Every structure is written in C-alpha cells, then in structure tokens.
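Data from final36.txt: compact mmCIF, C-alpha atoms
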# COMPACT_ATOMS: atom_id res chain seq x y z
CA MET H 1275 -10.98 15.06 -40.53
CA PHE H 1276 -10.74 11.94 -38.34
CA TRP H 1277 -11.17 8.55 -40.00
CA ILE H 1278 -12.75 5.85 -37.88
CA GLY H 1279 -13.80 2.47 -39.26
CA GLY H 1280 -13.53 3.81 -42.81
CA ASN H 1281 -16.12 6.59 -42.24
CA ALA H 1282 -15.25 10.25 -42.10
CA THR H 1283 -16.40 12.07 -38.96
CA ARG H 1284 -16.30 15.72 -38.14
CA SER H 1285 -13.27 17.00 -36.25
CA LYS H 1286 -13.78 16.68 -32.51
CA SER H 1287 -13.28 19.69 -30.26
CA PRO H 1288 -10.00 19.35 -28.28
CA GLU H 1289 -11.59 21.35 -25.45
CA LEU H 1290 -14.57 19.00 -25.26
CA MET H 1291 -12.34 15.92 -25.36
CA GLN H 1292 -10.31 17.34 -22.48
CA ARG H 1293 -13.51 18.05 -20.54
CA ILE H 1294 -14.59 14.46 -21.06
CA LYS H 1295 -11.23 13.14 -19.84
CA ASP H 1296 -11.25 15.45 -16.81
CA TYR H 1297 -14.78 14.33 -15.94
CA ILE H 1298 -13.87 10.64 -16.21
CA GLU H 1299 -10.86 11.05 -13.92
CA GLY H 1300 -12.74 13.29 -11.47
CA TYR H 1301 -15.61 10.80 -11.32
CA PHE H 1302 -13.16 7.99 -10.57
CA ASP H 1303 -11.48 10.08 -7.83
CA ARG H 1304 -14.85 10.64 -6.18
CA TYR H 1305 -16.55 7.27 -6.56
CA SER H 1306 -13.66 4.81 -7.20
CA GLU H 1307 -15.46 3.60 -10.32
CA LEU H 1308 -15.78 4.69 -13.92
CA PRO H 1309 -18.73 6.72 -15.25
CA THR H 1310 -21.10 5.33 -17.86
CA VAL H 1311 -21.48 6.89 -21.29
CA ARG H 1312 -24.81 8.32 -20.07
CA ASP H 1313 -23.06 9.87 -17.05
CA ILE H 1314 -20.56 11.54 -19.35
CA ALA H 1315 -23.29 12.70 -21.72
CA GLY H 1316 -25.17 14.38 -18.88
CA ALA H 1317 -22.03 16.01 -17.52
CA VAL H 1318 -20.90 17.58 -20.80
CA SER H 1319 -24.39 18.11 -22.25
CA ILE H 1320 -24.11 16.08 -25.46
CA ALA H 1321 -25.89 12.98 -26.73
CA ALA H 1322 -24.69 9.54 -25.61
CA SER H 1323 -24.02 8.61 -29.22
CA SER H 1324 -21.79 11.66 -29.57
CA VAL H 1325 -19.94 10.71 -26.38
CA HIS H 1326 -19.22 7.30 -27.89
CA ARG H 1327 -17.78 8.91 -31.03
CA HIS H 1328 -15.65 11.25 -28.94
CA LEU H 1329 -14.32 8.36 -26.84
CA VAL H 1330 -13.35 6.45 -29.99
CA ALA H 1331 -11.54 9.54 -31.30
CA MET H 1332 -9.82 10.09 -27.94
CA ASP H 1333 -8.66 6.47 -27.95
CA ALA H 1334 -7.24 6.94 -31.45
CA HIS H 1335 -5.33 10.03 -30.28
CA GLY H 1336 -3.93 8.34 -27.14
CA MET H 1337 -5.89 10.48 -24.67
CA LEU H 1338 -7.42 7.43 -23.04
CA SER H 1339 -8.14 3.76 -23.62
CA TYR H 1340 -11.60 2.81 -24.84
CA GLU H 1341 -11.79 -0.84 -25.77
CA ASN H 1342 -14.90 -3.02 -25.77
CA GLY H 1343 -16.71 -0.33 -23.83
CA LYS H 1344 -14.08 -0.24 -21.07
CA LEU H 1345 -12.59 3.14 -20.19
CA SER H 1346 -9.22 3.95 -18.67
CA THR H 1347 -6.58 6.67 -18.62
CA ASP H 1348 -2.92 6.64 -17.63
CA ARG H 1349 -3.80 8.31 -14.34
CA ILE H 1350 -6.57 5.84 -13.53
CA ASP H 1351 -4.24 2.94 -14.35
CA LYS H 1352 -1.78 4.28 -11.77
CA LEU H 1353 -4.55 4.71 -9.19
CA THR H 1354 -5.68 1.12 -9.67
CA CYS H 1355 -2.29 -0.53 -9.20
CA PRO H 1356 -2.29 -3.87 -7.31
CA VAL H 1357 -2.34 -3.57 -3.51
CA ASN H 1358 -2.12 -5.86 -0.51
CA TYR H 1359 -4.14 -5.01 2.59
CA ALA H 1360 -2.35 -5.09 5.93
CA ALA H 1361 -4.36 -5.34 9.12
CA VAL H 1362 -3.35 -2.69 11.65
CA VAL H 1363 -3.34 -4.78 14.81
CA GLY H 1364 -2.82 -2.35 17.61
CA SER H 1365 0.46 -1.66 19.33
CA ILE H 1366 3.54 -3.68 20.10
CA PRO H 1367 5.75 -2.41 22.92
CA CYS H 1368 9.32 -1.46 22.15
CA GLY H 1369 10.30 -1.24 25.81
CA THR H 1370 9.80 -4.36 27.92
CA PRO H 1371 8.33 -7.38 26.08
CA GLU H 1372 4.56 -7.55 26.39
CA GLU H 1373 1.83 -9.07 24.33
CA CYS H 1374 0.70 -6.98 21.34
CA GLU H 1375 -2.93 -6.10 21.01
CA ALA H 1376 -4.46 -8.32 18.38
CA GLN H 1377 -7.60 -6.31 17.70
CA VAL H 1378 -7.66 -4.99 14.16
CA GLU H 1379 -7.97 -1.19 14.02
CA ALA H 1380 -8.13 -0.83 10.23
CA TYR H 1381 -6.85 -2.25 6.95
CA LEU H 1382 -4.02 -0.40 5.28
CA PRO H 1383 -3.61 -0.64 1.47
CA LEU H 1384 0.03 -1.30 0.51
CA PRO H 1385 0.89 -0.81 -3.19
CA VAL H 1386 2.72 -3.87 -4.51
CA ASP H 1387 5.10 -1.63 -6.48
CA CYS H 1388 6.32 -0.09 -3.20
CA PHE H 1389 5.96 -2.89 -0.64
CA GLY H 1390 6.22 -6.05 -2.74
CA ASN H 1391 4.04 -9.14 -2.61
CA GLY H 1392 3.35 -11.17 0.49
CA LYS H 1393 1.14 -11.22 3.56
CA PHE H 1394 1.59 -8.18 5.78
CA TYR H 1395 0.27 -6.65 8.95
CA ALA H 1396 1.04 -3.33 10.63
CA LEU H 1397 1.93 -2.74 14.26
CA ARG H 1398 1.91 0.59 16.07
CA ALA H 1399 5.19 0.98 17.96
CA SER H 1400 5.18 2.17 21.55
CA GLY H 1401 8.07 2.85 23.85
CA SER H 1402 11.65 3.79 23.10
CA SER H 1403 13.65 0.58 22.72
CA MET H 1404 14.00 0.92 18.92
CA ILE H 1405 14.69 4.64 18.63
CA ASP H 1406 18.24 4.13 17.26
CA ALA H 1407 16.65 2.26 14.35
CA GLN H 1408 14.42 5.30 13.73
CA ILE H 1409 11.35 3.49 15.09
CA ASN H 1410 9.63 5.88 17.46
CA ASP H 1411 6.55 5.81 19.62
CA GLY H 1412 3.43 5.89 17.41
CA ASP H 1413 5.12 4.80 14.17
CA LEU H 1414 3.42 2.17 12.04
CA VAL H 1415 5.79 -0.72 11.36
CA ILE H 1416 4.94 -2.87 8.35
CA ILE H 1417 5.59 -6.55 9.07
CA ARG H 1418 5.87 -9.31 6.49
CA GLU H 1419 4.47 -12.51 7.98
CA GLN H 1420 7.15 -15.23 8.03
CA GLN H 1421 8.66 -17.67 10.50
CA THR H 1422 12.30 -17.26 9.48
CA ALA H 1423 14.65 -14.27 9.53
CA ASP H 1424 18.28 -13.37 8.92
CA VAL H 1425 20.63 -12.06 11.56
CA GLY H 1426 20.34 -8.28 11.47
CA ASP H 1427 16.63 -8.23 10.60
CA ILE H 1428 14.19 -6.36 12.82
CA VAL H 1429 11.69 -9.00 13.82
CA VAL H 1430 8.50 -9.60 15.73
CA ALA H 1431 9.34 -12.50 18.03
CA LEU H 1432 7.95 -14.42 20.97
CA THR H 1433 10.15 -14.58 24.05
CA ASN H 1434 10.46 -17.44 26.52
CA GLU H 1435 7.42 -16.09 28.36
CA ASP H 1436 5.33 -16.03 25.16
CA LYS H 1437 5.58 -12.27 25.14
CA ASN H 1438 5.58 -10.45 21.81
CA THR H 1439 8.30 -7.90 21.08
CA LEU H 1440 9.90 -5.96 18.23
CA LYS H 1441 13.70 -6.18 18.27
CA ARG H 1442 16.72 -6.75 16.04
CA LEU H 1443 17.73 -10.40 15.66
CA CYS H 1444 21.37 -11.03 16.57
CA PHE H 1445 23.61 -14.04 17.23
CA ASP H 1446 26.17 -14.45 20.02
CA GLU H 1447 29.09 -16.47 18.66
CA THR H 1448 30.48 -17.10 22.17
CA LYS H 1449 27.24 -18.42 23.60
CA GLN H 1450 26.09 -19.87 20.27
CA SER H 1451 22.72 -18.34 20.93
CA TYR H 1452 20.33 -15.97 19.20
CA TYR H 1453 19.24 -12.90 21.11
CA LEU H 1454 16.97 -9.89 20.61
CA HIS H 1455 18.74 -6.55 20.57
CA PRO H 1456 16.93 -3.32 21.50
CA GLU H 1457 18.14 -0.37 19.44
CA ASN H 1458 18.58 1.75 22.54
CA ARG H 1459 21.94 1.95 24.31
CA GLU H 1460 20.28 2.14 27.71
CA MET H 1461 18.52 -1.23 27.37
CA GLU H 1462 19.84 -4.76 27.71
CA ASP H 1463 19.76 -7.57 25.17
CA ILE H 1464 17.16 -10.29 25.56
CA TYR H 1465 18.40 -13.88 25.34
CA VAL H 1466 15.80 -16.51 24.53
CA SER H 1467 16.06 -20.29 24.59
CA ASP H 1468 13.15 -20.84 22.22
CA LEU H 1469 13.01 -18.10 19.62
CA ARG H 1470 9.86 -17.97 17.51
CA ILE H 1471 9.76 -15.47 14.66
CA GLN H 1472 6.35 -14.09 13.69
CA GLY H 1473 7.43 -11.62 11.02
CA VAL H 1474 10.11 -9.29 9.70
CA ALA H 1475 9.82 -5.51 9.61
CA THR H 1476 10.10 -4.13 6.08
CA HIS H 1477 8.98 -0.49 6.27
CA ILE H 1478 8.17 2.28 8.74
CA ILE H 1479 5.35 4.77 8.24
CA LYS H 1480 5.68 7.86 10.39
CA ALA H 1481 4.46 11.39 10.71
CA ILE H 1482 6.98 14.12 9.91
Can you turn what I pasted into structure tokens?
Amino acid sequence: MFWIGGNATRSKSPELMQRIKDYIEGYFDRYSELPTVRDIAGAVSIAASSVHRHLVAMDAHGMLSYENGKLSTDRIDKLTCPVNYAAVVGSIPCGTPEECEAQVEAYLPLPVDCFGNGKFYALRASGSSMIDAQINDGDLVIIREQQTADVGDIVVALTNEDKNTLKRLCFDETKQSYYLHPENREMEDIYVSDLRIQGVATHIIKAI
C-alpha cells in the first residue's frame, strides 16, 4: 500500500509508472515542452484523475518531480540546463587579414556548464594560418566578446588597416610591441601599431 496525504491508495503498477515517465520524456524530446495531465491520460489510456494519483506516487518514489502541478525528471533537468546563444557570423580568414562576414548564419546554443557565462559569437575559420593551433578550414571558433586579452591568447583583432583576423597575441620584448602570430611556420608575424581586441577564442567545434 502507498500512503499519500493520510489516505491509503491501491498499489500503482511499476510498468504503468515507467510508461508514464517514458511518455513524459519522449514528449519533451519531441516538442521541447511538458505534456499536460490530459495528454498523459490519453497516451496511457487511463483517467486524468488516475494520472494525477500516479504522478504523486512517482514523486514519492523519486521517479520524477511533481510539485504544484509542475513535472520534471532528472533527464529533463539535464536537457534544460542554462545556455547562452552565440551568433554564427560567417567566416574569418586565417590566411591574410580580411574583414569577417558579419551576417548571422544561425544561433548556436552553448551550455553554460561547458562554455561558461558571457557573451559569445562563433566564427567559421577559413585558410591555414592557424593549423598548428588545431584550427582548420571550416572549424567553428567560439569567441568570448571582450576588449582585453593576455599574451598567448588566440584573439580576434583589428589590424592597422581595420582588417579582422584570428591570430595568437604575442609581445616582442625587443621592440616593446604587441604582434599577431599565425600558427603556421610558413607565415610571417603581423605587427600592429594600434591593436584592438574584439574577442578571445575559448573553444573549437570541428567535424571528426
């Protein structure tokens, strides 16, 4: 017997409770929202009042959370983790500095647990100047928007000609000057008199 609110109720079928849970999670996968009690009742062919009693019992047994009419499961909680959306803004050349395309292609959800908080955008790398940093043509580079960077960071920066480029930020002690270093042994460093940082690369998304 299960005891709920001081009243005895008949033992609930474990198989039916599992069907209800599977339906709830499958519904969320398909529609990105939770089903109503009536939806569940129709799916498992029982009365809505019986669904409510089953949900209360399932909550008591830790199968799901059912509080104030709000449903959730451990799996749904993981699927609804906080995200930031990064605009995919075309390509940025990794060969010679050129302007990146600013037209948004899509918005990419970035889980906070993996990428952290902040304002991000994503650039599609083209060319070969960053191949030694494992950034290849077609890779998506996740950029955190900021105007400062540390030496050694891979940055999006504007050159003297207001051209946008993705390079590693370095400092020449002899010349007392910052410069942009391509991660390709066949390419030369880029010295700039007025370095303007537009963001720092934090992650690379690539096809395997």
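Minimum atom-to-atom distance to Ile1320 of chain H, evaluated using only C-alpha atoms, belongs to H:Arg1293 out of H:Lys1441, H:Arg1470, H:Lys1344, H:Arg1293.
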If I put a ball of radius 10 Å at (9.5, 4.3, 4.9) in the file's coordinates, which residues poke into it when counting all atoms listed in the file, written as a PDB file with C-alpha atoms, in the frame of the given file?
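File produced: result.pdb:
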ATOM      1  CA  CYS H1388       6.320  -0.090  -3.200  1.00  0.00           C
ATOM      2  CA  PHE H1389       5.960  -2.890  -0.640  1.00  0.00           C
ATOM      3  CA  LEU H1414       3.420   2.170  12.040  1.00  0.00           C
ATOM      4  CA  VAL H1415       5.790  -0.720  11.360  1.00  0.00           C
ATOM      5  CA  ILE H1416       4.940  -2.870   8.350  1.00  0.00           C
ATOM      6  CA  THR H1476      10.100  -4.130   6.080  1.00  0.00           C
ATOM      7  CA  HIS H1477       8.980  -0.490   6.270  1.00  0.00           C
ATOM      8  CA  ILE H1478       8.170   2.280   8.740  1.00  0.00           C
ATOM      9  CA  ILE H1479       5.350   4.770   8.240  1.00  0.00           C
ATOM     10  CA  LYS H1480       5.680   7.860  10.390  1.00  0.00           C
TER      11      LYS H1480
END
Name the residues within 10 Å of (-11.7, -2.1, 13.5), counting all atoms listed in the file in the file's coordinates, and put them as a compact mmCIF listing (two decimals) with C-alpha atoms, in the frame of the given file.
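So the final result, stored in result10.txt, reads:
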# COMPACT_ATOMS: atom_id res chain seq x y z
CA ALA H 1361 -4.36 -5.34 9.12
CA VAL H 1362 -3.35 -2.69 11.65
CA VAL H 1363 -3.34 -4.78 14.81
CA GLY H 1364 -2.82 -2.35 17.61
CA GLN H 1377 -7.60 -6.31 17.70
CA VAL H 1378 -7.66 -4.99 14.16
CA GLU H 1379 -7.97 -1.19 14.02
CA ALA H 1380 -8.13 -0.83 10.23
CA TYR H 1381 -6.85 -2.25 6.95
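You will find atom CA of Gly1473 of chain H at 22.4 Å from atom CA of Gln1450 of chain H.
The list of residues with at least one atom within 8 Å of Met1337 of chain H, based on all atoms listed in the file and without residues fewer than 5 positions apart in the same chain, reads Lys1295, Met1332 and Thr1347 of chain H.
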Using the partial input, fill out segment 1439-1454 of chain H with N, CA and C atoms; write the result as a PDB file, in the coordinates of the input.
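Listed below is the output, part.pdb:
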ATOM      1  N   THR H1439       7.474  -9.095  21.055  1.00  0.00           N
ATOM      2  CA  THR H1439       8.300  -7.900  21.080  1.00  0.00           C
ATOM      3  C   THR H1439       8.921  -7.638  19.715  1.00  0.00           C
ATOM      4  N   LEU H1440       9.261  -6.387  19.468  1.00  0.00           N
ATOM      5  CA  LEU H1440       9.900  -5.960  18.230  1.00  0.00           C
ATOM      6  C   LEU H1440      11.349  -5.606  18.545  1.00  0.00           C
ATOM      7  N   LYS H1441      12.281  -6.395  18.005  1.00  0.00           N
ATOM      8  CA  LYS H1441      13.700  -6.180  18.270  1.00  0.00           C
ATOM      9  C   LYS H1441      14.529  -6.614  17.066  1.00  0.00           C
ATOM     10  N   ARG H1442      15.824  -6.285  17.098  1.00  0.00           N
ATOM     11  CA  ARG H1442      16.720  -6.750  16.040  1.00  0.00           C
ATOM     12  C   ARG H1442      17.263  -8.129  16.397  1.00  0.00           C
ATOM     13  N   LEU H1443      17.249  -9.036  15.433  1.00  0.00           N
ATOM     14  CA  LEU H1443      17.730 -10.400  15.660  1.00  0.00           C
ATOM     15  C   LEU H1443      19.252 -10.428  15.530  1.00  0.00           C
ATOM     16  N   CYS H1444      19.908 -10.937  16.556  1.00  0.00           N
ATOM     17  CA  CYS H1444      21.370 -11.030  16.570  1.00  0.00           C
ATOM     18  C   CYS H1444      21.790 -12.438  17.002  1.00  0.00           C
ATOM     19  N   PHE H1445      23.087 -12.726  16.835  1.00  0.00           N
ATOM     20  CA  PHE H1445      23.610 -14.040  17.230  1.00  0.00           C
ATOM     21  C   PHE H1445      24.903 -13.860  17.995  1.00  0.00           C
ATOM     22  N   ASP H1446      24.984 -14.496  19.151  1.00  0.00           N
ATOM     23  CA  ASP H1446      26.170 -14.450  20.020  1.00  0.00           C
ATOM     24  C   ASP H1446      27.052 -15.642  19.692  1.00  0.00           C
ATOM     25  N   GLU H1447      28.185 -15.377  19.047  1.00  0.00           N
ATOM     26  CA  GLU H1447      29.090 -16.470  18.660  1.00  0.00           C
ATOM     27  C   GLU H1447      29.645 -17.198  19.872  1.00  0.00           C
ATOM     28  N   THR H1448      29.921 -16.477  20.971  1.00  0.00           N
ATOM     29  CA  THR H1448      30.480 -17.100  22.170  1.00  0.00           C
ATOM     30  C   THR H1448      29.493 -18.052  22.817  1.00  0.00           C
ATOM     31  N   LYS H1449      28.265 -17.593  22.958  1.00  0.00           N
ATOM     32  CA  LYS H1449      27.240 -18.420  23.600  1.00  0.00           C
ATOM     33  C   LYS H1449      26.516 -19.319  22.606  1.00  0.00           C
ATOM     34  N   GLN H1450      26.803 -19.117  21.302  1.00  0.00           N
ATOM     35  CA  GLN H1450      26.090 -19.870  20.270  1.00  0.00           C
ATOM     36  C   GLN H1450      24.590 -19.789  20.488  1.00  0.00           C
ATOM     37  N   SER H1451      24.128 -18.550  20.612  1.00  0.00           N
ATOM     38  CA  SER H1451      22.720 -18.340  20.930  1.00  0.00           C
ATOM     39  C   SER H1451      22.207 -17.088  20.219  1.00  0.00           C
ATOM     40  N   TYR H1452      20.986 -17.161  19.738  1.00  0.00           N
ATOM     41  CA  TYR H1452      20.330 -15.970  19.200  1.00  0.00           C
ATOM     42  C   TYR H1452      19.862 -15.097  20.365  1.00  0.00           C
ATOM     43  N   TYR H1453      19.803 -13.805  20.116  1.00  0.00           N
ATOM     44  CA  TYR H1453      19.240 -12.900  21.110  1.00  0.00           C
ATOM     45  C   TYR H1453      18.563 -11.730  20.404  1.00  0.00           C
ATOM     46  N   LEU H1454      17.722 -11.021  21.138  1.00  0.00           N
ATOM     47  CA  LEU H1454      16.970  -9.890  20.610  1.00  0.00           C
ATOM     48  C   LEU H1454      17.591  -8.600  21.145  1.00  0.00           C
TER      49      LEU H1454
END
